[in-house]
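Enquirer: There's a structure below that I have some questions on.
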Amino acid sequence: MKPYLQGENLSKRWGELMLFENISFTVFEGQKVALIAKNGAGKSTLLDLLAEKESPDSGKITKTNNIEIGYFEQNPVLNPKNTVLEEIFETENIKLKTIKAFELAVSQNNQEKITEVSAKMDVLNAWDIEYEIKQILTQLKINTLEQEVAELSGGQQKRLALAKVLINKPDLLILDEPTNHLDLEMIEWLEAYLSKTKSTLLMVTHDRYFLDRICNEIIEMEDNQIYRFTGNYSYFLAKRSERIEIQQASVSKAKNLLRTELEWMRRMPKARSTKAKYRVDSFSSLKEKASQKINNDAIILNVKSSRLGKKIVELNNISKSFPGVNLIENFSYKFSRLEKVGIVGKNGTGKSTFLNLITEILNPDSGTIEIGQTIKFGYYRQEGMTFDPHEKMIDAINKIAEYIIFEDGSKMSSSQLLNYFLFPPETQYNYIEKLSGGEKRRLYLCTVLMQNPNFLILDEPTNDLDIMTLNVLEEYLKSFAGCVVVASHDRFFMDKIVDHLFVFDGNGKVSDFPGNYTIYRNKMEEEKEKSQARKKEIERNQTILQEKNTSDHQQKTKLSFNEKREFAKLETEIADLETKKTKLEELLNSGTLTHEKLFSKSEELGKIKTVIDEKEFRWLELSEWL
């Protein structure tokens with residue numbers, strides 16, 4: 001394989017903090033590589049170096065044969081004065097410039113220009129590229145090409161920046177957290193796109209399903225060393241576990257040997273001679289090895305929630321809309337103790353609005369929300385961080401509380417909580433401005449938990465958190481003695497945590513699905529396949545019926561007596577089935593069913609829909625002869 005990009009002995013310091021020192025690695029042509037490290041280890045900084053946005057303090061970066069690099073940053077820089085179209089096609093590529101001219105002519109309905117540019121598209125064989133560009137823009141929901149970049153939301157700007165990088169089809173794609181601010185449908189599309197692309201890939205992501213299905217090489221950066229794993233994320237986990245076990249065994253052995261050597265060093269201070277110097281050197285080496293810390297961060301969080309009363313949160317026929325957008329309509333639900341609910345749906349369908357309604361930041365247009373007297377919310381919001389950058393971490397936590405006091409009278413200090421979330425005591429007096437984006441998110445999470453809530457609401461908690469922190473958070477949530485509501489696009493995280501889902505389908509419809517995200521997605525795919533099969537069957541039957549009607553038209557002019565009876569019966573049966581279907585849909589959305597009942601009623605609804613399709617087809621067939 002041809003080496004595309006090589007880093008040799010790279011070092012980078014940020015202020016007094018050494019991010020990494022003398023690390024080396026190579027990315028080869030055709031590889032799909034993931035970079036894994038803790039927050040604050042310098043992942044984004046390393047990507048900036050490789051993309052030539054910054055320079056290393058020492059070391060060398062070699063790029064082979066002037067390959068083209070496309071870099072998607074966590075905080076992309078776009079020209080606010082550009083239109084979306086101008087920003088997408090800001091390039092020297094002649095084919096892309098021609099496609100830009102064609103799109104502009106189409107948006108302005110300039111027929112003369114369309115004809116002229118179409119001829120140029122033919123000469124350049126640019127139509128396939130134009131189709132692929134349209135697909136990328138459609139999948140990332142970038143539709144208003146004449147809108148100015150400054151008018152877009154933060155999420156829209158990130159999707160625009162991602163589309164811009166993909167459209168240019170570089171030799172090497174460098175992606176820093178590409179799934180942030182994408183909904184689940186977009187993530188699955190991007191997953192399929194990157195799996196098929198011929199571009200070499202280097203990325204940082206916390207989405208473990210995404211990582212597992214795309215990457216064939218993992219680079220782990222830990223304790224200033226680089227570890228390479230040829231395989232996907234599942235393979236990496238197995239091999240990393242083996243490596244840690246070997247290291248632990250090695251350190252344990254070194255400690256035993258150190259005891260023996262220590263006894264010798266203390267017992268025979270006067271006997272040290274030139275002949276024994278190797279034992280002194282060996283002692284120093286053993287001491288260094290035995291004092292190694294195996295940084296596995298297997299932390300157990302034993303923070304208990306405040307006591308929950310009988311009434312939790314009850315939603316009674318709540319509705320919420322904004323001008324031109326109906327988000328929630330007549331939704332009812334009663335939360336139970338220890339319940340863990342996931343929220344899924346496309347961007348803009350009302351997920352964050354729903355969370356703001358529960359916490360009374362917003363009021364419903366109609367309906368009521370009743371909150372139990374013992375309920376204490378902890379709300380982790382997408383835009384919730386309001387830190388003073390010149391404040392110390394420990395002070396930010398102490399402003400909320402210095403201790404969490406449990407029902408049994410025991411305490412957990414703010415320093416202990418920070419330590420649990422991978423901020424060791426020696427770092428707790430650092431200023432917040434020195435933290436990475438992921439470290440700030442981790443600190444924000446601590447501020448939410450320090451309030452000792454019994455009803456946790458987490459809106460996209462996985463954005464900007466590293467995989468190690470996510471593991472800690474997942475273990476905490478699984479043992480959390482309260483209610484949890486999570487809105488997340490991280491499928492792996494949802495599968496590990498939630499018992500069932502609130503599915504936001506759009507146009508105000510919210511349904512309760514009994515199962516985690518993977519079960520829900522498989523169910524949707526199954527229903528889609530059944531629907532497509534039914535549609536094909538109906539089309540085939542209609543074709544057969546039309547052919548039969550054409551050939552038999554002279555022979556048959558009216559229905560038989562039995563067919564008339566069947567036709568009348570079908571009308572009654574279809575009406576009854578439609579009534580049953582409506583009642584079932586209302587019941588499924590009522591929020592009063594147990595998970596088991598929800599599943600059985602969902603199955604029943606699917607069967608009724610199939611029977612209705614069959615009877616409606618027969619009714620149409622008979623109606624031809626009335």
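If you're wondering about the labels, chains in the structure tokens are A, B, ... by order shown, residues count from 1 in each chain, ligands from 1 in order shown.
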Which residues are near stretch 113-122 of chain A? Cut-off 7 Å, only C-alpha atoms, ignore same chain within fewer than 6 positions. Put them as a list of chain:residue names.
Expert: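 In the requested format, the answer is A:Thr98, A:Ala101, A:Phe102, A:Ala105, A:Val106.
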Enquirer: Could you write out the selected residues, including C-alpha atoms, as a PDB file, in the first residue's frame?
Expert:
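And here's again_28.pdb as it stands now:
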ATOM      1  CA  THR A  98     -19.793  24.096 -14.592  1.00  0.00           C
ATOM      2  CA  ALA A 101     -23.354  27.498 -13.343  1.00  0.00           C
ATOM      3  CA  PHE A 102     -26.003  24.919 -14.289  1.00  0.00           C
ATOM      4  CA  ALA A 105     -29.308  28.844 -14.196  1.00  0.00           C
ATOM      5  CA  VAL A 106     -31.935  26.344 -13.023  1.00  0.00           C
TER       6      VAL A 106
END
Enquirer: So which residues of stretch 380-478 of chain A fall under strand (DSSP E or B) by DSSP, listed as a ChimeraX atom specification?
Expert: /A:380,392,403-405,411-413,431,455-459
Enquirer: Just the residues within 6 Å of stretch 475-487 of chain A, please, counting only C-alpha atoms, with nothing from its chain fewer than 3 positions along; format it as number ranges by chain.
Expert: A: 301, 305, 338-343, 454-460, 472
Enquirer: Take the residues from that selection and write them out as a compact mmCIF listing (two decimals), in the first residue's frame, keeping C-alpha atoms.
Expert:
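Dumped everything to out_14.txt:
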# COMPACT_ATOMS: atom_id res chain seq x y z
CA LEU A 301 -20.39 5.74 40.00
CA SER A 305 -30.78 10.01 43.24
CA LEU A 338 -36.91 3.79 37.10
CA GLU A 339 -38.14 4.25 33.52
CA LYS A 340 -35.58 4.90 30.76
CA VAL A 341 -37.07 6.40 27.59
CA GLY A 342 -35.32 7.26 24.33
CA ILE A 343 -36.54 9.96 21.93
CA ASN A 454 -34.10 11.97 40.37
CA PHE A 455 -35.39 12.71 36.85
CA LEU A 456 -32.56 13.07 34.31
CA ILE A 457 -33.20 14.64 30.92
CA LEU A 458 -30.33 14.38 28.46
CA ASP A 459 -30.51 16.23 25.12
CA GLU A 460 -27.75 14.91 22.84
CA VAL A 472 -18.67 5.82 32.38
Enquirer: Please determine, counting only C-alpha atoms, which residue among A:Leu362, A:Ile99, A:Leu418, A:Ile369 has the shortest atom-to-atom distance to A:Glu314.
Expert: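 When distances to A:Glu314 are compared using only C-alpha atoms, the smallest one comes from A:Ile369.
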Enquirer: Using only C-alpha atoms, pick whichever of A:Gln157, A:Ser560, A:Ser11, A:Gln542 has the shortest atom-to-atom distance to A:Ser55.
Expert: A:Ser11
Enquirer: Provide the atom CA of A:Lys601 to atom CA of A:Leu357 distance in Å, to one decimal place.
Expert: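 Distance between the two atoms: 28.2 Å.
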